[in-house]
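For reference, input23.tsv is printed below; it contains TSV, C-alpha atoms.
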```tsv
chain	number	residue	atom	x	y	z
A	1	MET	CA	13.45	33.27	8.71
A	2	SER	CA	11.79	30.53	6.67
A	3	ALA	CA	8.48	31.09	4.96
A	4	PRO	CA	5.28	29.63	6.42
A	5	ILE	CA	4.09	26.37	4.95
A	6	PRO	CA	1.10	26.86	2.64
A	7	GLN	CA	-1.96	25.26	4.15
A	8	GLN	CA	-2.94	23.66	0.83
A	9	VAL	CA	0.32	21.68	0.96
A	10	MET	CA	-0.01	20.64	4.57
A	11	ARG	CA	-3.65	19.66	4.54
A	12	ARG	CA	-4.76	16.09	4.66
A	13	LEU	CA	-6.39	14.53	1.58
A	14	PRO	CA	-9.34	12.67	3.14
A	15	ALA	CA	-10.56	11.07	-0.09
A	16	LEU	CA	-7.37	8.99	-0.16
A	17	ASP	CA	-8.57	7.17	2.96
A	18	ALA	CA	-11.33	5.60	0.90
A	19	VAL	CA	-8.81	4.62	-1.78
A	20	ARG	CA	-7.25	2.34	0.83
A	21	VAL	CA	-10.49	0.41	1.28
A	22	ILE	CA	-10.91	0.13	-2.49
A	23	GLY	CA	-7.52	-1.57	-2.59
A	24	ALA	CA	-8.40	-3.80	0.35
A	25	LEU	CA	-11.71	-4.90	-1.16
A	26	ALA	CA	-9.98	-5.66	-4.45
A	27	VAL	CA	-7.53	-7.94	-2.63
A	28	VAL	CA	-10.46	-9.63	-0.86
A	29	GLY	CA	-12.09	-10.27	-4.24
A	30	HIS	CA	-8.89	-11.73	-5.63
A	31	HIS	CA	-8.50	-14.16	-2.73
A	32	VAL	CA	-12.17	-15.15	-2.86
A	33	GLY	CA	-11.82	-15.86	-6.58
A	34	PHE	CA	-8.89	-18.16	-5.88
A	35	ALA	CA	-10.56	-19.91	-2.93
A	36	THR	CA	-13.74	-20.62	-4.89
A	37	GLY	CA	-11.82	-21.87	-7.92
A	38	ARG	CA	-13.06	-19.09	-10.20
A	39	ASN	CA	-9.67	-17.50	-10.89
A	40	THR	CA	-8.49	-20.52	-12.83
A	41	GLY	CA	-11.68	-21.01	-14.84
A	42	ASP	CA	-12.46	-19.79	-18.32
A	43	SER	CA	-15.26	-17.42	-17.34
A	44	ALA	CA	-15.09	-13.65	-17.67
A	45	VAL	CA	-15.88	-13.34	-13.96
A	46	GLY	CA	-12.87	-15.50	-13.15
A	47	ALA	CA	-10.65	-13.38	-15.38
A	48	TRP	CA	-11.62	-10.19	-13.56
A	49	LEU	CA	-11.37	-11.76	-10.10
A	50	SER	CA	-7.90	-13.06	-10.91
A	51	ARG	CA	-6.66	-9.53	-11.64
A	52	LEU	CA	-8.07	-7.90	-8.53
A	53	ASP	CA	-4.63	-8.28	-7.01
A	54	VAL	CA	-4.30	-4.85	-8.60
A	55	GLY	CA	-5.27	-3.72	-5.11
A	56	VAL	CA	-1.62	-4.25	-4.15
A	57	ALA	CA	-0.56	-1.74	-6.81
A	58	ILE	CA	-3.02	0.77	-5.37
A	59	PHE	CA	-1.51	0.26	-1.91
A	60	PHE	CA	2.04	0.69	-3.16
A	61	VAL	CA	1.37	3.81	-5.25
A	62	LEU	CA	-0.59	5.30	-2.35
A	63	SER	CA	2.24	4.55	0.10
A	64	GLY	CA	4.78	6.13	-2.21
A	65	PHE	CA	2.63	9.25	-2.48
A	66	LEU	CA	1.69	9.70	1.17
A	67	LEU	CA	5.05	8.85	2.72
A	68	PHE	CA	7.24	10.72	0.24
A	69	ARG	CA	5.16	13.91	0.25
A	70	PRO	CA	6.38	15.16	3.67
A	71	TYR	CA	9.99	14.90	2.48
A	72	ALA	CA	9.24	16.78	-0.74
A	73	GLN	CA	7.23	19.51	0.96
A	74	ALA	CA	9.87	19.95	3.68
A	75	LEU	CA	12.47	20.66	0.99
A	76	ALA	CA	10.13	22.85	-1.06
A	77	THR	CA	9.16	24.99	1.95
A	78	TYR	CA	12.63	25.15	3.53
A	79	ARG	CA	11.67	23.13	6.58
A	80	PRO	CA	13.56	20.34	8.33
A	81	ARG	CA	13.10	16.90	6.87
A	82	PRO	CA	11.04	14.46	8.94
A	83	ARG	CA	13.29	12.93	11.57
A	84	THR	CA	14.13	9.36	10.67
A	85	GLY	CA	13.78	7.95	14.17
A	86	ARG	CA	10.33	9.38	14.65
A	87	TYR	CA	9.21	8.39	11.17
A	88	LEU	CA	10.27	4.76	11.72
A	89	TRP	CA	8.72	4.71	15.19
A	90	ARG	CA	5.38	5.91	13.82
A	91	ARG	CA	5.50	3.34	11.04
A	92	ALA	CA	6.25	0.59	13.54
A	93	THR	CA	3.44	1.53	15.94
A	94	ARG	CA	1.07	1.88	12.99
A	95	ILE	CA	1.83	-1.47	11.34
A	96	LEU	CA	3.31	-4.00	13.75
A	97	PRO	CA	0.96	-4.42	16.77
A	98	ALA	CA	-2.12	-5.40	14.73
A	99	TYR	CA	0.02	-7.47	12.39
A	100	TRP	CA	1.61	-9.42	15.25
A	101	VAL	CA	-1.82	-10.20	16.73
A	102	THR	CA	-2.94	-11.51	13.33
A	103	VAL	CA	0.14	-13.72	13.09
A	104	VAL	CA	-0.44	-15.17	16.57
A	105	VAL	CA	-4.11	-15.94	15.86
A	106	CYS	CA	-3.47	-17.49	12.44
A	107	LEU	CA	-0.58	-19.66	13.59
A	108	LEU	CA	-2.39	-20.86	16.72
A	109	VAL	CA	-5.99	-21.15	15.55
A	110	LEU	CA	-5.98	-22.34	11.95
A	111	PRO	CA	-5.54	-26.12	11.94
A	112	GLN	CA	-3.58	-26.01	8.68
A	113	ASN	CA	-0.81	-24.13	10.50
A	114	ARG	CA	-0.43	-26.48	13.45
A	115	PRO	CA	2.14	-27.12	14.65
A	116	ALA	CA	3.92	-23.92	13.63
A	117	SER	CA	7.69	-24.21	13.73
A	118	THR	CA	10.04	-21.78	15.44
A	119	GLY	CA	11.08	-20.65	11.97
A	120	ASP	CA	7.46	-19.85	11.11
A	121	TRP	CA	7.15	-17.66	14.20
A	122	LEU	CA	10.45	-15.87	13.63
A	123	ARG	CA	9.96	-15.27	9.92
A	124	HIS	CA	6.45	-13.91	10.30
A	125	ALA	CA	7.29	-11.86	13.38
A	126	THR	CA	10.14	-10.15	11.51
A	127	LEU	CA	8.34	-9.88	8.15
A	128	THR	CA	11.05	-11.93	6.45
A	129	GLN	CA	8.76	-14.72	5.21
A	130	ILE	CA	9.18	-13.63	1.58
A	131	TYR	CA	12.91	-14.24	1.40
A	132	GLN	CA	12.68	-18.03	1.15
A	133	HIS	CA	10.46	-20.30	-0.92
A	134	GLY	CA	7.16	-21.50	0.49
A	135	GLN	CA	7.18	-19.75	3.86
A	136	LEU	CA	3.78	-18.03	3.71
A	137	ARG	CA	1.39	-19.80	6.06
A	138	HIS	CA	-2.40	-20.16	5.89
A	139	GLY	CA	-4.28	-16.97	6.65
A	140	LEU	CA	-1.08	-15.00	6.10
A	141	SER	CA	-0.53	-15.29	2.35
A	142	GLN	CA	-1.36	-11.61	1.85
A	143	THR	CA	1.49	-10.54	4.14
A	144	TRP	CA	4.03	-10.87	1.33
A	145	SER	CA	3.00	-7.38	0.21
A	146	LEU	CA	3.29	-6.03	3.76
A	147	ALA	CA	6.83	-7.42	3.97
A	148	THR	CA	7.61	-5.61	0.71
A	149	GLU	CA	6.07	-2.39	2.04
A	150	VAL	CA	8.18	-2.59	5.18
A	151	ALA	CA	11.32	-2.87	3.07
A	152	PHE	CA	10.21	0.35	1.34
A	153	TYR	CA	9.54	2.04	4.69
A	154	LEU	CA	13.06	1.26	5.84
A	155	LEU	CA	14.66	2.62	2.68
A	156	LEU	CA	12.49	5.71	2.28
A	157	PRO	CA	14.60	8.20	4.30
A	158	VAL	CA	17.66	7.25	2.25
A	159	LEU	CA	15.72	7.35	-1.02
A	160	ALA	CA	14.32	10.78	-0.18
A	161	LYS	CA	17.80	12.15	0.43
A	162	LEU	CA	19.24	10.63	-2.73
A	163	LEU	CA	16.37	11.49	-5.06
A	164	LEU	CA	15.46	14.96	-3.81
A	165	GLY	CA	18.95	16.28	-3.13
A	166	ARG	CA	19.55	19.40	-1.07
A	167	ARG	CA	17.74	21.97	-3.22
A	168	TRP	CA	14.13	21.89	-4.33
A	169	ARG	CA	13.74	21.23	-8.04
A	170	PRO	CA	10.24	20.39	-9.34
A	171	GLY	CA	11.82	18.49	-12.22
A	172	ARG	CA	12.93	15.87	-9.71
A	173	ALA	CA	9.57	14.18	-10.25
A	174	LEU	CA	10.85	12.76	-13.52
A	175	ILE	CA	14.05	11.57	-11.86
A	176	VAL	CA	12.06	9.83	-9.15
A	177	ALA	CA	9.79	8.08	-11.66
A	178	VAL	CA	12.63	7.06	-13.95
A	179	ALA	CA	14.68	5.74	-11.02
A	180	GLY	CA	11.83	3.45	-9.99
A	181	LEU	CA	11.36	2.22	-13.56
A	182	LEU	CA	15.08	1.56	-13.98
A	183	VAL	CA	15.24	-0.53	-10.81
A	184	THR	CA	12.23	-2.62	-11.80
A	185	GLY	CA	13.38	-2.85	-15.41
A	186	GLY	CA	16.80	-4.09	-14.35
A	187	TRP	CA	15.19	-6.62	-12.02
A	188	LEU	CA	13.07	-7.91	-14.90
A	189	VAL	CA	16.14	-8.29	-17.10
A	190	LEU	CA	17.78	-10.44	-14.42
A	191	MET	CA	14.63	-12.56	-14.33
A	192	GLU	CA	14.65	-12.93	-18.10
A	193	LEU	CA	18.29	-14.04	-17.95
A	194	GLY	CA	17.38	-16.68	-15.38
A	195	LEU	CA	19.49	-15.08	-12.64
A	196	LEU	CA	16.43	-14.46	-10.49
A	197	ASN	CA	13.54	-16.77	-9.68
A	198	MET	CA	10.04	-15.87	-10.88
A	199	GLY	CA	8.47	-17.68	-7.93
A	200	LEU	CA	10.49	-15.90	-5.26
A	201	HIS	CA	11.98	-12.64	-6.43
A	202	THR	CA	8.68	-11.31	-7.77
A	203	MET	CA	7.77	-10.65	-4.12
A	204	TRP	CA	10.84	-8.53	-3.39
A	205	LEU	CA	10.91	-4.73	-3.35
A	206	PRO	CA	12.80	-4.14	-6.65
A	207	SER	CA	9.93	-5.76	-8.58
A	208	TYR	CA	7.66	-2.96	-7.39
A	209	ALA	CA	10.05	-0.01	-7.36
A	210	GLY	CA	8.16	1.36	-10.36
A	211	TRP	CA	4.89	1.40	-8.41
A	212	PHE	CA	6.40	3.11	-5.38
A	213	GLY	CA	8.28	5.44	-7.73
A	214	ALA	CA	5.04	6.43	-9.45
A	215	GLY	CA	3.54	7.41	-6.11
A	216	MET	CA	6.67	9.31	-5.11
A	217	ALA	CA	6.70	11.16	-8.42
A	218	LEU	CA	3.04	12.13	-7.95
A	219	ALA	CA	3.90	13.41	-4.47
A	220	THR	CA	6.71	15.57	-5.88
A	221	VAL	CA	4.41	17.02	-8.53
A	222	HIS	CA	1.68	17.62	-5.96
A	223	VAL	CA	4.04	19.64	-3.77
A	224	SER	CA	5.29	21.57	-6.79
A	225	LEU	CA	1.77	22.54	-7.82
A	226	ARG	CA	0.75	23.57	-4.31
A	227	THR	CA	3.87	25.61	-3.56
A	228	GLU	CA	4.62	27.16	-6.94
A	229	GLY	CA	1.66	26.51	-9.21
A	230	ASN	CA	4.16	25.04	-11.63
A	231	SER	CA	2.51	25.25	-15.06
A	232	ARG	CA	4.47	22.25	-16.33
A	233	TRP	CA	2.34	19.94	-14.22
A	234	ARG	CA	-0.96	21.82	-14.20
A	235	TRP	CA	-2.44	19.32	-16.63
A	236	LEU	CA	-2.54	16.82	-13.75
A	237	ASP	CA	-4.91	19.11	-11.87
A	238	ASP	CA	-7.00	19.33	-15.04
A	239	LEU	CA	-7.03	15.54	-15.28
A	240	GLY	CA	-7.87	15.23	-11.60
A	241	ALA	CA	-10.96	17.34	-12.22
A	242	ALA	CA	-12.35	14.51	-14.36
A	243	PRO	CA	-12.47	11.46	-12.07
A	244	LEU	CA	-14.77	9.48	-14.36
A	245	ALA	CA	-12.30	9.84	-17.22
A	246	CYS	CA	-9.45	8.69	-14.96
A	247	TRP	CA	-11.41	5.69	-13.76
A	248	ALA	CA	-12.37	4.80	-17.34
A	249	VAL	CA	-8.67	4.65	-18.21
A	250	ALA	CA	-8.07	2.50	-15.11
A	251	LEU	CA	-10.87	0.14	-16.10
A	252	ALA	CA	-9.56	-0.14	-19.65
A	253	ALA	CA	-6.06	-0.99	-18.43
A	254	LEU	CA	-7.47	-3.61	-16.07
A	255	ALA	CA	-9.55	-5.07	-18.90
A	256	VAL	CA	-6.35	-5.58	-20.92
A	257	ALA	CA	-4.80	-7.26	-17.87
A	258	THR	CA	-7.64	-9.79	-17.73
A	259	THR	CA	-6.39	-11.28	-21.02
A	260	PRO	CA	-3.61	-13.90	-21.23
A	261	VAL	CA	-1.04	-11.28	-22.28
A	262	VAL	CA	0.00	-10.81	-18.63
A	263	GLY	CA	0.40	-14.51	-17.95
A	264	PRO	CA	-1.57	-17.36	-16.38
A	265	ARG	CA	-4.36	-16.78	-13.87
A	266	ASP	CA	-3.40	-19.69	-11.63
A	267	LEU	CA	-0.22	-20.17	-9.60
A	268	ALA	CA	1.88	-21.00	-12.67
A	269	GLU	CA	4.81	-18.64	-13.12
A	270	PRO	CA	4.56	-15.97	-15.84
A	271	THR	CA	7.44	-15.08	-18.10
A	272	ALA	CA	9.46	-11.99	-17.24
A	273	ALA	CA	7.84	-10.15	-20.16
A	274	GLN	CA	4.33	-11.08	-19.01
A	275	PHE	CA	5.12	-10.03	-15.45
A	276	GLY	CA	6.57	-6.73	-16.70
A	277	LEU	CA	3.47	-5.95	-18.75
A	278	LYS	CA	1.30	-6.73	-15.75
A	279	LEU	CA	3.33	-4.29	-13.66
A	280	VAL	CA	2.84	-1.55	-16.27
A	281	LEU	CA	-0.90	-2.09	-16.62
A	282	TYR	CA	-1.41	-2.25	-12.86
A	283	ALA	CA	0.61	0.95	-12.45
A	284	VAL	CA	-1.76	2.70	-14.88
A	285	VAL	CA	-4.76	1.44	-12.90
A	286	ALA	CA	-3.34	2.53	-9.56
A	287	VAL	CA	-2.25	5.98	-10.74
A	288	MET	CA	-5.62	6.62	-12.39
A	289	VAL	CA	-7.42	5.62	-9.20
A	290	VAL	CA	-5.25	7.76	-6.92
A	291	LEU	CA	-4.79	10.81	-9.14
A	292	PRO	CA	-8.33	12.31	-9.08
A	293	MET	CA	-8.45	11.94	-5.29
A	294	ALA	CA	-5.19	13.88	-4.84
A	295	PHE	CA	-5.20	16.41	-7.68
A	296	GLY	CA	-7.65	18.89	-9.08
A	297	PRO	CA	-10.47	20.84	-7.44
A	298	GLU	CA	-13.03	19.55	-5.00
A	299	THR	CA	-15.35	17.23	-6.91
A	300	ARG	CA	-18.44	15.25	-6.00
A	301	ALA	CA	-16.36	12.07	-6.07
A	302	LYS	CA	-13.90	13.56	-3.58
A	303	ALA	CA	-16.72	14.74	-1.35
A	304	ILE	CA	-18.34	11.31	-1.30
A	305	LEU	CA	-15.13	9.34	-0.74
A	306	GLY	CA	-13.84	11.91	1.75
A	307	SER	CA	-17.03	11.86	3.81
A	308	GLY	CA	-17.30	10.37	7.28
A	309	PRO	CA	-18.18	6.82	6.14
A	310	GLY	CA	-15.39	6.85	3.56
A	311	ARG	CA	-12.81	7.97	6.13
A	312	TRP	CA	-14.03	5.38	8.63
A	313	LEU	CA	-13.77	2.58	6.09
A	314	GLY	CA	-10.30	3.84	5.26
A	315	ARG	CA	-9.29	3.48	8.90
A	316	MET	CA	-10.64	-0.08	8.89
A	317	SER	CA	-8.88	-0.99	5.64
A	318	TYR	CA	-5.63	-2.17	7.22
A	319	GLY	CA	-7.48	-4.52	9.55
A	320	LEU	CA	-9.59	-5.77	6.64
A	321	PHE	CA	-6.40	-6.49	4.72
A	322	LEU	CA	-4.93	-8.35	7.68
A	323	TRP	CA	-7.94	-10.40	8.74
A	324	HIS	CA	-9.87	-11.32	5.61
A	325	PRO	CA	-7.72	-14.42	4.75
A	326	PHE	CA	-8.28	-15.75	8.27
A	327	VAL	CA	-12.04	-15.30	7.83
A	328	LEU	CA	-11.91	-16.93	4.39
A	329	GLU	CA	-9.99	-19.92	5.72
A	330	ALA	CA	-12.37	-20.18	8.68
A	331	ILE	CA	-15.41	-20.31	6.39
A	332	TYR	CA	-14.03	-23.41	4.69
A	333	VAL	CA	-12.91	-25.06	7.94
A	334	LEU	CA	-16.16	-24.45	9.86
A	335	THR	CA	-18.50	-25.44	7.04
A	336	GLY	CA	-16.43	-28.36	5.79
A	337	ARG	CA	-16.61	-26.93	2.30
A	338	PRO	CA	-14.20	-28.56	-0.18
A	339	GLU	CA	-11.40	-26.38	-1.52
A	340	PHE	CA	-12.01	-24.41	-4.71
A	341	THR	CA	-15.79	-24.59	-4.42
A	342	GLY	CA	-18.50	-22.16	-3.36
A	343	ASP	CA	-20.37	-19.17	-4.74
A	344	PRO	CA	-17.95	-16.24	-5.14
A	345	LEU	CA	-20.52	-13.54	-4.34
A	346	ASP	CA	-21.75	-15.15	-1.12
A	347	THR	CA	-18.19	-15.97	-0.09
A	348	PHE	CA	-17.06	-12.42	-0.84
A	349	LEU	CA	-19.83	-10.91	1.28
A	350	LEU	CA	-19.13	-13.25	4.21
A	351	THR	CA	-15.40	-12.64	3.98
A	352	ALA	CA	-15.70	-8.87	3.65
A	353	LEU	CA	-18.22	-8.52	6.49
A	354	GLY	CA	-16.34	-10.92	8.77
A	355	GLY	CA	-13.07	-9.18	7.95
A	356	LEU	CA	-14.61	-5.77	8.60
A	357	PHE	CA	-15.94	-6.97	11.96
A	358	LEU	CA	-12.48	-8.15	13.04
A	359	ALA	CA	-10.94	-5.02	11.54
A	360	THR	CA	-13.18	-2.86	13.72
A	361	ILE	CA	-12.07	-4.72	16.84
A	362	SER	CA	-8.47	-4.50	15.69
A	363	TYR	CA	-8.67	-0.76	15.08
A	364	TYR	CA	-10.28	0.28	18.35
A	365	ALA	CA	-8.53	-2.26	20.59
A	366	ILE	CA	-5.06	-2.30	19.03
A	367	GLU	CA	-4.35	0.10	16.17
A	368	ARG	CA	-5.70	3.37	17.53
A	369	PRO	CA	-4.26	2.98	21.06
A	370	PHE	CA	-0.80	2.19	19.65
A	371	GLN	CA	-1.00	5.07	17.18
A	372	GLN	CA	-1.86	7.46	19.99
A	373	TRP	CA	0.96	6.08	22.09
A	374	GLY	CA	3.40	6.28	19.18
A	375	ALA	CA	2.46	9.90	18.50
A	376	GLN	CA	3.64	10.88	22.00
A	377	TRP	CA	7.27	9.92	21.40
A	378	PRO	CA	9.70	11.56	21.88
A	379	ARG	CA	8.58	13.90	24.66
A	380	ARG	CA	10.79	16.92	24.25
A	381	ARG	CA	10.34	20.56	23.37
A	382	ARG	CA	10.46	21.15	19.66
A	383	SER	CA	10.91	24.25	17.60
A	384	THR	CA	7.94	25.50	15.61
A	385	SER	CA	9.48	24.28	12.36
A	386	GLU	CA	10.06	20.79	13.78
A	387	SER	CA	6.49	20.62	15.01
A	388	GLN	CA	5.15	21.64	11.59
A	389	SER	CA	7.33	19.00	9.92
A	390	ILE	CA	5.97	16.34	12.29
A	391	VAL	CA	2.41	17.47	11.58
A	392	ALA	CA	3.15	17.00	7.90
A	393	VAL	CA	4.17	13.40	8.46
A	394	ALA	CA	1.21	12.69	10.71
A	395	THR	CA	-1.42	14.18	8.43
A	396	ALA	CA	0.00	12.71	5.24
A	397	ALA	CA	0.89	9.20	6.34
A	398	ASN	CA	-1.85	8.06	8.74
```

Kindly transcribe the structure held in the file into structure tokens.
Amino acid sequence: MSAPIPQQVMRRLPALDAVRVIGALAVVGHHVGFATGRNTGDSAVGAWLSRLDVGVAIFFVLSGFLLFRPYAQALATYRPRPRTGRYLWRRATRILPAYWVTVVVCLLVLPQNRPASTGDWLRHATLTQIYQHGQLRHGLSQTWSLATEVAFYLLLPVLAKLLLGRRWRPGRALIVAVAGLLVTGGWLVLMELGLLNMGLHTMWLPSYAGWFGAGMALATVHVSLRTEGNSRWRWLDDLGAAPLACWAVALAALAVATTPVVGPRDLAEPTAAQFGLKLVLYAVVAVMVVLPMAFGPETRAKAILGSGPGRWLGRMSYGLFLWHPFVLEAIYVLTGRPEFTGDPLDTFLLTALGGLFLATISYYAIERPFQQWGAQWPRRRRSTSESQSIVAVATAAN
């Protein structure tokens, strides 16, 4: 008879919900900086706005952590792995309905997208718009990262089997992290050799394997600490007890990224070395943002971010991510404002509030009903161990 799953492993980490909205607001700031022309200027404000695409790194590290953790804890606690069919179904009902509505609205409403071709509809409907040059349409530019995430979702069950093996070994965390770094490192070498295109292949999954790998490694360590109290990794709990120190490291890494060492701030292509350094610095930022919300004791920061308002904003974060470019484009269309003009603060507030308004509608009218529907499949009797494994996926990944 298998041992019961420790509750501290199974429990949800509510403060991570707020981390989602931090990432979403960072992406909003980045897009506002570009739309108002500040990203390409010489000001310090423009430099910081241009690097707020670090929000994507936060999303990817967080996805690696939350989605890999159920696989690691299933192995560590001798439970069945999450069933692949159910996992993919839950991901689909979580991501696709709201995304498809956004695609329909952007392609039909925004004048810059009319008339949308059949190819536009098919590529965006299938999240394959990143696999050819110049296929991201107005109001949908941010969806490149969603397409990359979906590629990760599809590969995750296979990656979990390959990286974790059949027996639980806490040292696998290093293997997971190194595997991600090797994939991204090899991809960068191919870019440096000119075999891959810096304008296209920087959107594909291998470029960000290191970010997902960092999240997966953190998940493996988290399970190890909660099931065995493994002293090798206890220093991460100690570090998690000092959120201000973690965030200071994140801020310092982002400050380095605001300099020219990571490449141009406009749409010009960086070198492979510049892009690689940017990936490293952003990984440091993302890990240092996520770590104190997942590790260590209960802190005031966790209590604040894990409170009701923080969790609610976290639930709205996906809709904010989806809708804010549409709102930003609409501001310029409706006001007749010339491109690359406008006050960044006013534009940010309008975009964030308008995006949050549409995100609220999206969540209650589309996202939550489909999540509830998706959670009901399949309807069959399950063993206790299967039910606990499913609970692990639901609590960790939502």

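For the choices A:Arg79, A:Arg86, A:Arg300, A:Arg51, the atom-to-atom distance to Pro243 of chain A is smallest for A:Arg300 when using only C-alpha atoms.
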
Which residues come within 7 Å of segment 216-218 of chain A, counting all atoms listed in the file, excluding same-chain residues fewer than 6 positions away, as a ChimeraX atom specification? /A:64-65,68,173-174,176-177

Considering all atoms listed in the file, return as a short mmCIF file (atom, residue, chain, number, x, y, z; two decimals) with C-alpha atoms, in the coordinates of the input whatever protein or nucleic-acid residues lie within 9 Å of Leu181 of chain A, sequence-local ones (same chain, fewer than 5 positions apart) excluded.
```cif
data_model
loop_
_atom_site.label_atom_id
_atom_site.label_comp_id
_atom_site.auth_asym_id
_atom_site.auth_seq_id
_atom_site.Cartn_x
_atom_site.Cartn_y
_atom_site.Cartn_z
CA VAL A 176 12.06 9.83 -9.15
CA GLY A 186 16.80 -4.09 -14.35
CA TYR A 208 7.66 -2.96 -7.39
CA ALA A 209 10.05 -0.01 -7.36
CA GLY A 210 8.16 1.36 -10.36
CA TRP A 211 4.89 1.40 -8.41
CA GLY A 213 8.28 5.44 -7.73
CA ALA A 214 5.04 6.43 -9.45
#
```

For atom CA of Ala116 of chain A and atom CA of Thr128 of chain A, the interatomic separation in Å (one decimal):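 Calculated distance between atom CA of Ala116 of chain A and atom CA of Thr128 of chain A is 15.7 Å.
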
Report as CSV: every residue of segment 293-372 of chain A with an atom at most 7 Å from segment 132-140 of chain A, its closest pair of atoms, and their distance in Å to one decimal, counting only C-alpha atoms, with rows sorted by chain and ascending residue number.
```
residue,atom,partner,partner_atom,distance
A:Pro325,CA,A:Gly139,CA,4.7
A:Phe326,CA,A:Gly139,CA,4.5
A:Glu329,CA,A:Gly139,CA,6.5
```

With C-alpha atoms retained, could you export that selection as a short mmCIF file (atom, residue, chain, number, x, y, z; two decimals), in the coordinates of the input?
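Generated file (again_1.cif):
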```
data_model
loop_
_atom_site.label_atom_id
_atom_site.label_comp_id
_atom_site.auth_asym_id
_atom_site.auth_seq_id
_atom_site.Cartn_x
_atom_site.Cartn_y
_atom_site.Cartn_z
CA PRO A 325 -7.72 -14.42 4.75
CA PHE A 326 -8.28 -15.75 8.27
CA GLU A 329 -9.99 -19.92 5.72
#
```

Polymer residues at most 7 Å from (13.1, 20.3, -5.1) by all atoms listed in the file, as a PyMOL selection string: chain A and resi 72+75-76+164+167-170+172

Rank A:Gly308, A:Phe152, A:Pro369, A:Glu192 by their smallest atom-to-atom distance to Ala273 of chain A, using all atoms listed in the file, and report the top residue only. A:Glu192

Using all atoms listed in the file: which of A:Thr77, A:Ala242, A:Ala35, A:Val261 has the shortest distance to Glu228 of chain A: A:Thr77

Between A:Ala26, A:Val280, A:Leu155, A:Ile304, which one has atoms that come closest to Phe348 of chain A, using all atoms listed in the file?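 Smallest distance to Phe348 of chain A is found for A:Ala26.
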
Which is closest to Arg166 of chain A among A:Tyr78, A:Trp187, A:Trp233, A:Trp100, if we use all atoms listed in the file? A:Tyr78

Would you list the contacts of Val103 of chain A as a tab-separated table (two decimals) with C-alpha atoms, in the frame of the given file, taking every protein, DNA or RNA residue within 9 Å and counting all atoms listed in the file, but skipping same-chain residues closer than 2 positions in sequence?
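File written: selection-v6.tsv
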```tsv
chain	number	residue	atom	x	y	z
A	98	ALA	CA	-2.12	-5.40	14.73
A	99	TYR	CA	0.02	-7.47	12.39
A	100	TRP	CA	1.61	-9.42	15.25
A	101	VAL	CA	-1.82	-10.20	16.73
A	105	VAL	CA	-4.11	-15.94	15.86
A	106	CYS	CA	-3.47	-17.49	12.44
A	107	LEU	CA	-0.58	-19.66	13.59
A	108	LEU	CA	-2.39	-20.86	16.72
A	121	TRP	CA	7.15	-17.66	14.20
A	124	HIS	CA	6.45	-13.91	10.30
A	125	ALA	CA	7.29	-11.86	13.38
A	139	GLY	CA	-4.28	-16.97	6.65
A	140	LEU	CA	-1.08	-15.00	6.10
```

Length of the atom CA of Arg69 of chain A to atom CA of Leu291 of chain A vector [Å]: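 Going from atom CA of Arg69 of chain A over to atom CA of Leu291 of chain A, I get 14.0 Å.
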